[in-house]
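Structure file upload06.txt with compact mmCIF, C-alpha atoms and all ligand atoms:
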```txt
# COMPACT_ATOMS: atom_id res chain seq x y z
CA MET C 1 -26.15 -120.43 14.17
CA ILE C 2 -27.41 -118.95 10.90
CA LYS C 3 -27.63 -115.19 10.89
CA GLU C 4 -30.74 -113.80 9.26
CA GLN C 5 -29.94 -111.44 6.40
CA PRO C 6 -31.81 -108.12 6.58
CA SER C 7 -34.38 -107.54 3.85
CA GLY C 8 -33.83 -104.70 1.31
CA ALA C 9 -36.10 -102.30 3.21
CA GLU C 10 -34.49 -103.19 6.52
CA GLU C 11 -31.06 -102.64 5.07
CA VAL C 12 -32.01 -99.18 3.85
CA ALA C 13 -33.49 -98.33 7.24
CA LEU C 14 -30.37 -99.62 8.97
CA ARG C 15 -28.12 -97.60 6.68
CA GLU C 16 -30.14 -94.49 7.38
CA ARG C 17 -30.00 -95.12 11.12
CA VAL C 18 -26.20 -95.48 10.94
CA LYS C 19 -25.97 -92.19 9.03
CA GLU C 20 -28.20 -90.48 11.58
CA LEU C 21 -26.15 -91.72 14.54
CA SER C 22 -22.86 -90.83 12.80
CA CYS C 23 -24.23 -87.33 12.21
CA LEU C 24 -25.19 -86.88 15.87
CA TYR C 25 -21.87 -88.32 16.99
CA GLY C 26 -20.01 -85.98 14.61
CA ILE C 27 -21.95 -82.99 15.96
CA ALA C 28 -21.28 -84.02 19.58
CA ARG C 29 -17.54 -84.12 18.76
CA ILE C 30 -17.64 -80.67 17.16
CA VAL C 31 -19.59 -79.23 20.10
CA ALA C 32 -17.02 -80.60 22.56
CA ARG C 33 -14.18 -78.68 20.86
CA HIS C 34 -13.31 -75.74 23.05
CA ASP C 35 -10.75 -74.42 20.58
CA LEU C 36 -13.55 -73.46 18.16
CA SER C 37 -15.63 -70.30 18.39
CA LEU C 38 -19.44 -70.56 18.31
CA GLU C 39 -19.42 -69.37 14.67
CA GLU C 40 -16.88 -72.05 13.69
CA ILE C 41 -18.90 -74.74 15.46
CA LEU C 42 -22.09 -73.76 13.62
CA GLN C 43 -20.25 -73.73 10.31
CA CYS C 44 -18.78 -77.22 10.95
CA ILE C 45 -22.25 -78.55 11.86
CA VAL C 46 -23.84 -77.12 8.73
CA ASP C 47 -21.04 -78.53 6.55
CA GLN C 48 -21.61 -81.97 8.01
CA LEU C 49 -25.42 -82.03 7.91
CA PRO C 50 -26.12 -82.93 4.23
CA GLN C 51 -24.19 -86.20 4.59
CA ALA C 52 -26.79 -87.54 7.02
CA TRP C 53 -29.62 -87.16 4.52
CA GLN C 54 -30.94 -89.77 2.11
CA TYR C 55 -29.55 -87.91 -0.92
CA PRO C 56 -26.45 -86.21 0.42
CA GLU C 57 -25.19 -85.20 -3.00
CA ILE C 58 -28.16 -82.86 -3.58
CA ALA C 59 -28.93 -81.82 0.01
CA PHE C 60 -28.10 -78.36 1.37
CA ALA C 61 -28.14 -77.19 4.97
CA ARG C 62 -28.51 -73.84 6.67
CA ILE C 63 -28.49 -72.62 10.27
CA PHE C 64 -29.97 -69.27 11.21
CA LEU C 65 -29.00 -67.79 14.55
CA ASP C 66 -29.91 -64.23 15.57
CA GLU C 67 -30.19 -63.08 11.93
CA GLN C 68 -26.78 -64.60 11.11
CA SER C 69 -26.80 -67.47 8.62
CA TYR C 70 -24.39 -70.38 8.13
CA THR C 71 -24.74 -72.47 4.97
CA SER C 72 -23.27 -75.64 3.49
CA PRO C 73 -21.13 -75.12 0.34
CA GLY C 74 -23.10 -73.98 -2.72
CA PHE C 75 -26.30 -73.57 -0.67
CA ARG C 76 -29.48 -73.04 -2.72
CA GLY C 77 -32.67 -72.21 -0.86
CA SER C 78 -35.79 -74.22 -1.60
CA SER C 79 -39.32 -74.51 -0.30
CA HIS C 80 -38.83 -78.24 -0.16
CA ARG C 81 -37.20 -78.46 3.20
CA LEU C 82 -37.18 -79.78 6.72
CA LYS C 83 -36.90 -77.15 9.39
CA SER C 84 -36.68 -77.05 13.18
CA ALA C 85 -36.50 -74.12 15.58
CA VAL C 86 -33.48 -73.44 17.79
CA ILE C 87 -34.92 -72.63 21.22
CA VAL C 88 -32.53 -71.24 23.84
CA ASP C 89 -33.93 -70.53 27.32
CA GLY C 90 -37.49 -70.70 26.00
CA ARG C 91 -36.83 -68.17 23.23
CA ILE C 92 -36.70 -68.98 19.50
CA ARG C 93 -33.29 -67.79 18.34
CA GLY C 94 -33.14 -69.34 14.90
CA THR C 95 -33.65 -72.45 12.78
CA VAL C 96 -31.84 -75.45 11.35
CA GLU C 97 -32.94 -76.53 7.90
CA VAL C 98 -32.06 -79.07 5.23
CA CYS C 99 -33.46 -78.75 1.71
CA TYR C 100 -33.40 -80.31 -1.73
CA PRO C 101 -33.47 -78.08 -4.82
CA GLU C 102 -36.97 -77.95 -6.30
CA GLU C 103 -36.07 -79.55 -9.68
CA ASN C 104 -35.14 -82.77 -7.89
CA LEU C 105 -38.72 -83.36 -6.83
CA LYS C 106 -39.52 -84.53 -10.34
CA LEU C 107 -36.97 -87.33 -10.00
CA ASP C 108 -38.72 -88.41 -6.82
CA LYS C 109 -35.59 -87.44 -5.01
CA GLY C 110 -36.47 -85.06 -2.33
CA SER C 111 -38.87 -86.73 -0.04
CA PHE C 112 -37.86 -86.77 3.58
CA LEU C 113 -37.88 -89.78 5.84
CA LYS C 114 -39.68 -89.87 9.17
CA GLU C 115 -36.33 -90.39 10.91
CA GLU C 116 -34.92 -87.30 9.20
CA LYS C 117 -37.62 -85.19 10.83
CA LYS C 118 -36.52 -86.47 14.21
CA LEU C 119 -32.88 -85.96 13.28
CA ILE C 120 -33.32 -82.30 12.39
CA GLU C 121 -35.08 -81.74 15.72
CA ALA C 122 -32.19 -83.43 17.53
CA VAL C 123 -29.68 -81.25 15.65
CA ALA C 124 -31.65 -78.09 16.54
CA ARG C 125 -31.60 -79.15 20.21
CA GLU C 126 -27.84 -79.73 20.00
CA VAL C 127 -27.35 -76.27 18.43
CA ALA C 128 -29.48 -74.71 21.19
CA PHE C 129 -27.41 -76.55 23.79
CA VAL C 130 -24.10 -75.28 22.45
CA VAL C 131 -25.41 -71.70 22.07
CA GLY C 132 -26.80 -71.72 25.64
CA GLY C 133 -23.58 -73.19 27.01
CA ARG C 134 -21.31 -70.72 25.25
CA GLU C 135 -23.43 -67.76 26.35
CA ALA C 136 -23.47 -68.95 29.97
CA GLU C 137 -19.65 -69.19 29.82
CA MET C 138 -19.41 -65.67 28.39
CA ASN C 139 -21.75 -64.28 31.06
CA ARG C 140 -19.70 -65.92 33.78
CA ALA C 141 -16.48 -64.41 32.40
CA LYS C 142 -18.15 -61.00 32.10
CA LEU C 143 -19.47 -61.17 35.67
CA ASN C 144 -16.01 -62.03 36.93
CA GLU C 145 -14.54 -59.09 35.07
CA GLN C 146 -17.22 -56.77 36.47
CA LEU C 147 -16.50 -58.02 39.97
CA GLN C 148 -12.79 -57.33 39.60
CA HIS C 149 -13.58 -53.92 38.18
CA ALA C 150 -15.90 -53.14 41.10
CA GLU C 151 -13.24 -54.22 43.60
CA ARG C 152 -10.64 -52.05 41.90
CA LEU C 153 -13.02 -49.10 41.93
CA ALA C 154 -13.80 -49.63 45.61
CA THR C 155 -10.09 -49.64 46.53
CA ILE C 156 -9.40 -46.52 44.51
CA GLY C 157 -12.48 -44.95 46.10
CA ILE C 158 -11.24 -45.54 49.65
CA LEU C 159 -7.73 -44.32 48.85
CA SER C 160 -8.83 -41.23 46.99
CA ALA C 161 -11.40 -40.26 49.62
CA GLY C 162 -8.62 -40.19 52.19
CA VAL C 163 -6.40 -38.02 50.02
CA ALA C 164 -9.31 -35.74 49.15
CA HIS C 165 -10.08 -35.10 52.81
CA GLU C 166 -6.44 -34.29 53.49
CA LEU C 167 -6.31 -31.86 50.58
CA ASN C 168 -9.60 -30.14 51.24
CA GLU C 169 -8.36 -28.02 54.11
CA PRO C 170 -5.09 -26.66 52.65
CA LEU C 171 -6.89 -26.03 49.40
CA GLY C 172 -9.56 -24.02 51.20
CA SER C 173 -6.78 -21.86 52.70
CA ILE C 174 -5.08 -21.34 49.33
CA LEU C 175 -8.35 -20.29 47.75
CA GLY C 176 -9.33 -18.09 50.71
CA TYR C 177 -5.98 -16.27 50.88
CA ALA C 178 -5.87 -15.83 47.10
CA GLN C 179 -9.30 -14.22 47.21
CA LEU C 180 -8.19 -11.99 50.09
CA ALA C 181 -4.97 -11.01 48.34
CA LYS C 182 -6.93 -10.14 45.20
CA LYS C 183 -8.77 -7.48 47.16
CA SER C 184 -5.55 -5.79 48.41
CA PRO C 185 -5.48 -2.17 47.22
CA GLY C 186 -2.78 -0.98 44.79
CA LEU C 187 -1.89 -4.47 43.57
CA PRO C 188 0.31 -4.43 40.45
CA GLN C 189 -1.56 -5.72 37.39
CA GLN C 190 0.77 -8.70 36.93
CA ALA C 191 0.30 -9.80 40.56
CA SER C 192 -3.47 -9.54 40.30
CA HIS C 193 -3.32 -11.58 37.09
CA ASP C 194 -1.21 -14.27 38.83
CA ILE C 195 -3.53 -14.40 41.82
CA GLU C 196 -6.45 -14.92 39.47
CA LYS C 197 -4.62 -17.93 38.01
CA ILE C 198 -4.16 -19.31 41.56
CA GLU C 199 -7.87 -18.86 42.15
CA ILE C 200 -8.87 -20.62 38.92
CA ALA C 201 -6.48 -23.50 39.57
CA SER C 202 -7.75 -23.90 43.16
CA LEU C 203 -11.36 -23.89 41.99
CA HIS C 204 -10.50 -26.61 39.46
CA ALA C 205 -8.78 -28.63 42.20
CA ARG C 206 -11.82 -28.16 44.45
CA GLU C 207 -14.02 -29.53 41.66
CA ILE C 208 -11.77 -32.61 41.44
CA ILE C 209 -12.00 -33.14 45.19
CA ARG C 210 -15.79 -32.75 45.16
CA ASN C 211 -15.97 -35.35 42.40
CA LEU C 212 -13.59 -37.64 44.25
CA LEU C 213 -15.69 -37.50 47.39
CA LEU C 214 -18.80 -38.13 45.34
CA PHE C 215 -17.06 -40.99 43.58
CA ALA C 216 -16.12 -42.54 46.91
CA ARG C 217 -19.68 -41.76 48.09
CA GLN C 218 -18.36 -39.93 51.11
CA THR C 219 -21.05 -37.31 50.79
CA ASN C 220 -24.25 -38.23 52.55
CA SER C 221 -26.88 -39.69 50.30
CA GLN C 222 -30.50 -38.90 51.09
CA LYS C 223 -32.81 -41.17 49.23
CA LYS C 224 -36.46 -40.38 48.89
CA THR C 225 -39.20 -40.67 46.28
CA VAL C 226 -37.99 -39.00 43.08
CA ASN C 227 -39.36 -38.77 39.58
CA LEU C 228 -36.63 -38.63 36.94
CA ASN C 229 -38.83 -36.34 34.82
CA ASP C 230 -38.40 -33.68 37.53
CA VAL C 231 -34.62 -34.15 37.45
CA VAL C 232 -34.61 -33.67 33.67
CA ARG C 233 -37.00 -30.68 33.80
CA GLU C 234 -34.78 -28.97 36.36
CA GLY C 235 -31.70 -29.75 34.25
CA LEU C 236 -33.33 -28.41 31.06
CA TYR C 237 -33.55 -25.02 32.65
CA PHE C 238 -29.76 -24.90 33.02
CA PHE C 239 -28.78 -26.69 29.82
CA SER C 240 -30.93 -24.76 27.35
CA SER C 241 -28.80 -21.59 27.28
CA ARG C 242 -25.59 -23.62 27.02
CA CYS C 243 -27.01 -25.66 24.16
CA GLU C 244 -28.06 -22.50 22.36
CA LYS C 245 -24.53 -21.12 22.70
CA PHE C 246 -23.03 -24.29 21.16
CA GLY C 247 -25.62 -24.55 18.37
CA VAL C 248 -27.03 -27.75 19.85
CA ASP C 249 -30.70 -28.70 19.44
CA LEU C 250 -32.02 -29.79 22.80
CA VAL C 251 -34.81 -32.34 22.55
CA HIS C 252 -36.61 -33.88 25.52
CA LEU C 253 -38.91 -36.87 25.37
CA LEU C 254 -40.37 -37.49 28.79
CA ASP C 255 -42.59 -40.46 29.54
CA PRO C 256 -45.75 -38.93 31.11
CA CYS C 257 -46.42 -42.12 33.08
CA LEU C 258 -42.89 -42.55 34.42
CA PRO C 259 -42.90 -44.42 37.75
CA ASP C 260 -41.03 -42.90 40.73
CA ILE C 261 -37.73 -44.22 42.01
CA ASN C 262 -36.08 -44.21 45.42
CA ALA C 263 -33.10 -41.92 44.92
CA ASP C 264 -31.03 -38.99 46.05
CA PHE C 265 -32.26 -36.08 43.91
CA ALA C 266 -28.93 -34.22 44.00
CA GLN C 267 -27.02 -37.33 42.93
CA MET C 268 -29.45 -37.98 40.07
CA ASN C 269 -28.91 -34.40 39.03
CA GLN C 270 -25.16 -35.02 39.14
CA VAL C 271 -25.59 -38.08 36.86
CA LEU C 272 -27.53 -36.01 34.34
CA VAL C 273 -25.11 -33.07 34.48
CA ASN C 274 -22.03 -35.27 34.00
CA LEU C 275 -23.58 -37.05 31.01
CA VAL C 276 -24.81 -33.82 29.45
CA VAL C 277 -21.47 -32.03 29.91
CA ASN C 278 -19.69 -34.89 28.12
CA ALA C 279 -22.30 -34.87 25.35
CA LEU C 280 -21.92 -31.12 24.81
CA GLN C 281 -18.13 -31.36 24.79
CA ALA C 282 -18.43 -34.02 22.08
CA MET C 283 -20.41 -31.62 19.84
CA PRO C 284 -18.21 -28.51 19.57
CA ASP C 285 -19.72 -27.67 16.18
CA GLY C 286 -23.32 -28.20 17.18
CA GLY C 287 -25.61 -31.18 16.88
CA ARG C 288 -28.54 -32.67 18.71
CA LEU C 289 -28.88 -33.62 22.37
CA ILE C 290 -31.78 -35.89 23.29
CA LEU C 291 -32.82 -36.34 26.91
CA GLN C 292 -35.31 -39.12 27.32
CA THR C 293 -37.06 -40.95 30.12
CA LYS C 294 -38.96 -44.18 29.77
CA SER C 295 -40.02 -47.21 31.73
CA PHE C 296 -40.10 -50.88 30.96
CA LYS C 297 -41.41 -53.53 33.34
CA HIS C 298 -40.00 -52.53 36.75
CA ARG C 299 -37.25 -50.34 35.36
CA VAL C 300 -37.01 -46.63 34.79
CA SER C 301 -34.50 -45.31 32.27
CA LEU C 302 -32.78 -42.02 31.69
CA ILE C 303 -31.21 -41.73 28.26
CA VAL C 304 -28.74 -39.07 27.16
CA GLU C 305 -27.96 -39.22 23.47
CA ASP C 306 -25.74 -36.95 21.37
CA THR C 307 -24.69 -36.67 17.74
CA GLY C 308 -21.10 -35.90 18.66
CA TRP C 309 -17.79 -37.44 17.64
CA GLY C 310 -18.48 -40.78 19.33
CA ILE C 311 -16.21 -43.01 21.38
CA SER C 312 -13.64 -45.40 19.90
CA GLU C 313 -13.44 -49.05 21.01
CA ASP C 314 -10.27 -48.59 23.08
CA VAL C 315 -11.70 -45.56 24.92
CA LEU C 316 -14.97 -47.44 25.56
CA GLU C 317 -13.05 -50.06 27.55
CA LYS C 318 -11.59 -47.43 29.90
CA LEU C 319 -14.60 -45.16 30.40
CA TYR C 320 -15.14 -45.94 34.08
CA ILE C 321 -11.49 -45.93 35.16
CA PRO C 322 -10.98 -42.97 37.51
CA PHE C 323 -8.87 -40.17 36.03
CA PHE C 324 -9.08 -41.62 32.52
CA THR C 325 -9.66 -38.71 30.17
CA THR C 326 -9.01 -37.89 26.53
CA LYS C 327 -9.50 -34.19 27.20
CA ASP C 328 -6.95 -31.43 27.72
CA VAL C 329 -5.92 -30.36 31.21
CA GLY C 330 -8.62 -28.08 32.55
CA GLU C 331 -11.26 -29.56 30.25
CA GLY C 332 -11.72 -32.90 31.94
CA THR C 333 -10.85 -34.60 35.21
CA GLY C 334 -11.60 -38.17 34.15
CA LEU C 335 -14.02 -38.49 37.06
CA GLY C 336 -17.33 -37.69 35.39
CA LEU C 337 -18.23 -41.21 34.33
CA PRO C 338 -16.74 -43.00 37.38
CA VAL C 339 -18.96 -40.72 39.50
CA VAL C 340 -21.99 -41.57 37.34
CA HIS C 341 -21.11 -45.26 37.60
CA GLY C 342 -20.70 -45.03 41.39
CA ILE C 343 -24.02 -43.25 41.89
CA VAL C 344 -25.95 -45.56 39.59
CA THR C 345 -24.49 -48.67 41.25
CA SER C 346 -25.32 -47.36 44.74
CA HIS C 347 -28.91 -46.97 43.51
CA HIS C 348 -28.92 -50.64 42.39
CA GLY C 349 -29.04 -49.57 38.75
CA SER C 350 -26.97 -50.19 35.65
CA LEU C 351 -25.30 -48.05 33.03
CA LYS C 352 -25.06 -48.87 29.32
CA VAL C 353 -23.31 -47.08 26.50
CA LYS C 354 -23.59 -47.40 22.74
CA SER C 355 -21.42 -45.30 20.50
CA THR C 356 -20.40 -44.99 16.87
CA VAL C 357 -17.36 -42.93 16.00
CA GLY C 358 -18.39 -39.92 13.94
CA GLN C 359 -22.09 -40.43 14.66
CA GLY C 360 -22.73 -40.08 18.36
CA THR C 361 -23.15 -41.67 21.74
CA ARG C 362 -26.05 -42.91 23.80
CA PHE C 363 -25.81 -43.44 27.55
CA GLU C 364 -28.64 -45.33 29.25
CA VAL C 365 -29.13 -45.29 33.01
CA HIS C 366 -31.50 -48.00 34.23
CA LEU C 367 -32.87 -47.83 37.76
CA PRO C 368 -35.38 -49.94 39.68
CA ALA C 369 -38.86 -48.39 39.78
CA LEU C 370 -40.65 -47.91 43.08
CA ILE C 371 -43.45 -50.41 43.25
CA SER C 372 -46.52 -48.67 44.63
P1 LIG Q 401 -13.85 -36.33 31.46
O1 LIG Q 401 -15.10 -35.89 30.76
O2 LIG Q 401 -13.49 -35.44 32.57
O3 LIG Q 401 -12.72 -36.64 30.55
P2 LIG Q 401 -15.37 -38.70 32.01
O4 LIG Q 401 -15.12 -39.81 32.99
O5 LIG Q 401 -16.66 -38.00 32.13
O6 LIG Q 401 -14.16 -37.71 32.20
O7 LIG Q 401 -15.22 -39.26 30.55
C1 LIG Q 401 -14.08 -40.03 30.19
C2 LIG Q 401 -13.86 -39.97 28.69
O8 LIG Q 401 -14.95 -40.61 28.03
C3 LIG Q 401 -13.83 -38.58 28.11
O9 LIG Q 401 -12.55 -37.99 28.22
C4 LIG Q 401 -14.23 -38.82 26.66
O10 LIG Q 401 -13.12 -39.26 25.90
C5 LIG Q 401 -15.16 -40.02 26.75
N1 LIG Q 401 -16.59 -39.62 26.68
C6 LIG Q 401 -17.51 -39.62 27.68
N2 LIG Q 401 -18.72 -39.25 27.23
C7 LIG Q 401 -18.60 -39.02 25.91
C8 LIG Q 401 -19.50 -38.61 24.86
N3 LIG Q 401 -20.80 -38.38 25.08
N4 LIG Q 401 -19.00 -38.49 23.60
C9 LIG Q 401 -17.69 -38.74 23.34
N5 LIG Q 401 -16.79 -39.12 24.28
C10 LIG Q 401 -17.22 -39.26 25.54
```

Represent the structure of the file as structure tokens.
Amino acid sequence: MIKEQPSGAEEVALRERVKELSCLYGIARIVARHDLSLEEILQCIVDQLPQAWQYPEIAFARIFLDEQSYTSPGFRGSSHRLKSAVIVDGRIRGTVEVCYPEENLKLDKGSFLKEEKKLIEAVAREVAFVVGGREAEMNRAKLNEQLQHAERLATIGILSAGVAHELNEPLGSILGYAQLAKKSPGLPQQASHDIEKIEIASLHAREIIRNLLLFARQTNSQKKTVNLNDVVREGLYFFSSRCEKFGVDLVHLLDPCLPDINADFAQMNQVLVNLVVNALQAMPDGGRLILQTKSFKHRVSLIVEDTGWGISEDVLEKLYIPFFTTKDVGEGTGLGLPVVHGIVTSHHGSLKVKSTVGQGTRFEVHLPALIS
């Protein structure tokens, strides 16, 4: 049998098709490598892309993803390019592009083939696939971690609630007798001074127990229709004199159309107080405290922002661990944020924190709005 030789045009087309398939195969192999990070995968893809084009020696490639760009060596931007959007979960997250430098147009090098248009679309789809896959993996790992964290918190909650109950009674007696003894006539000055110390220490211990019970949600929660603006307004009344004393500017930005939520007013107040106390402690030399409410879709948010010393990365990881504190004895119990976390979670909400050391911290509490 005599094999028909391909014509010149057919041969070129065939060569291009082989290049295109090799490119897609190369990308599929890169994408399958689990030892590479997403950034490394995108860089490998972009390095490989120019070879699949008709004039590989003058082609440059670039991938944009979420404002981050990855380019082939010596990349030079040009308006003469092929471009395709990277769409992940229906949202445009970036682009894949291949271009020829403008001066090459004169040499008639620089026109793109029909197949190359299809190829760049296929590459963009592949990039979207790997981005989506990696993010799903990360979300799964994060969810798992959150679940473990929640379980740990629940166990600590049950244990500590038991201990707190046991301690409540003897502590009440210590405090009561100390207060009685303080009133005894003719008490030497030293004794009265010591009794005062017992009283202060017992009050501090009582505060820890109150927080522990709150943390374990052993106090009854009474949910009803609440507007977070009212919680903030009530709080402002108490915070303003403290802010003045510390040289802190207190700013409030309340959304006038804030939807109601179904919540326990006292617990919401506790959330605000705990966040504000931390914010004030982080600004010993003054600063600005912003209390804000806003709503987005079916969510209502309470934001507490300070211009304090900020939180370092390693502290950020431990924020919600009960008894974790960076403060001196008597200044902090390490229960403020676990209590906030517990309350917010029991209201089906979420808590977010953003912080920059030396600049400040922003806590955001998001809660489901009541749908009227
Ligand atoms: P406590 O305030 O009793 O230490 P918390 O659970 O409220 O306990 O906070 C834990 C730690 O988180 C604090 O010791 C502090 O290091 C850090 N922190 C919380 N809020 C802020 C803030 N607004 N600015 C700086 N650090 C903060």

Task: Polymer residues at most 7 Å from Gln292 of chain C, all atoms listed in the file, same-chain spacing of 4 or more positions, as a ChimeraX atom specification - done: /C:252-254,302-304

Pull C-alpha atoms from the residues just selected and write them as a PDB file, in the frame of the given file.
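Once written, again08.pdb looks like this:
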```pdb
ATOM      1  CA  HIS C 252     -36.610 -33.880  25.520  1.00  0.00           C
ATOM      2  CA  LEU C 253     -38.910 -36.870  25.370  1.00  0.00           C
ATOM      3  CA  LEU C 254     -40.370 -37.490  28.790  1.00  0.00           C
ATOM      4  CA  LEU C 302     -32.780 -42.020  31.690  1.00  0.00           C
ATOM      5  CA  ILE C 303     -31.210 -41.730  28.260  1.00  0.00           C
ATOM      6  CA  VAL C 304     -28.740 -39.070  27.160  1.00  0.00           C
TER       7      VAL C 304
END
```

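Between atom CA of Glu207 of chain C and atom N4 of ligand LIG 401 (chain Q) the interatomic distance comes to 20.8 Å.
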
Open item on the list: Please find the residues contacting ligand LIG 401 (chain Q) at a distance of at most 10 Å between atoms, with all atoms listed in the file counted, and report them as a PyMOL selection string.
Closed with: chain C and resi 208+274-283+289+304-312+315-341+353-363

- [ ] Go through C:Phe112, C:Glu40, C:His34, C:Gly74 one by one, measure the shortest atom-to-atom distance of each to Gln54 of chain C using all atoms listed in the file, and give the residue with the smallest value.
- [x] C:Phe112

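Proximity of C:Leu370, C:Val271, C:Val163, C:Val365 to Thr293 of chain C, computed with only C-alpha atoms, is greatest for C:Val365.
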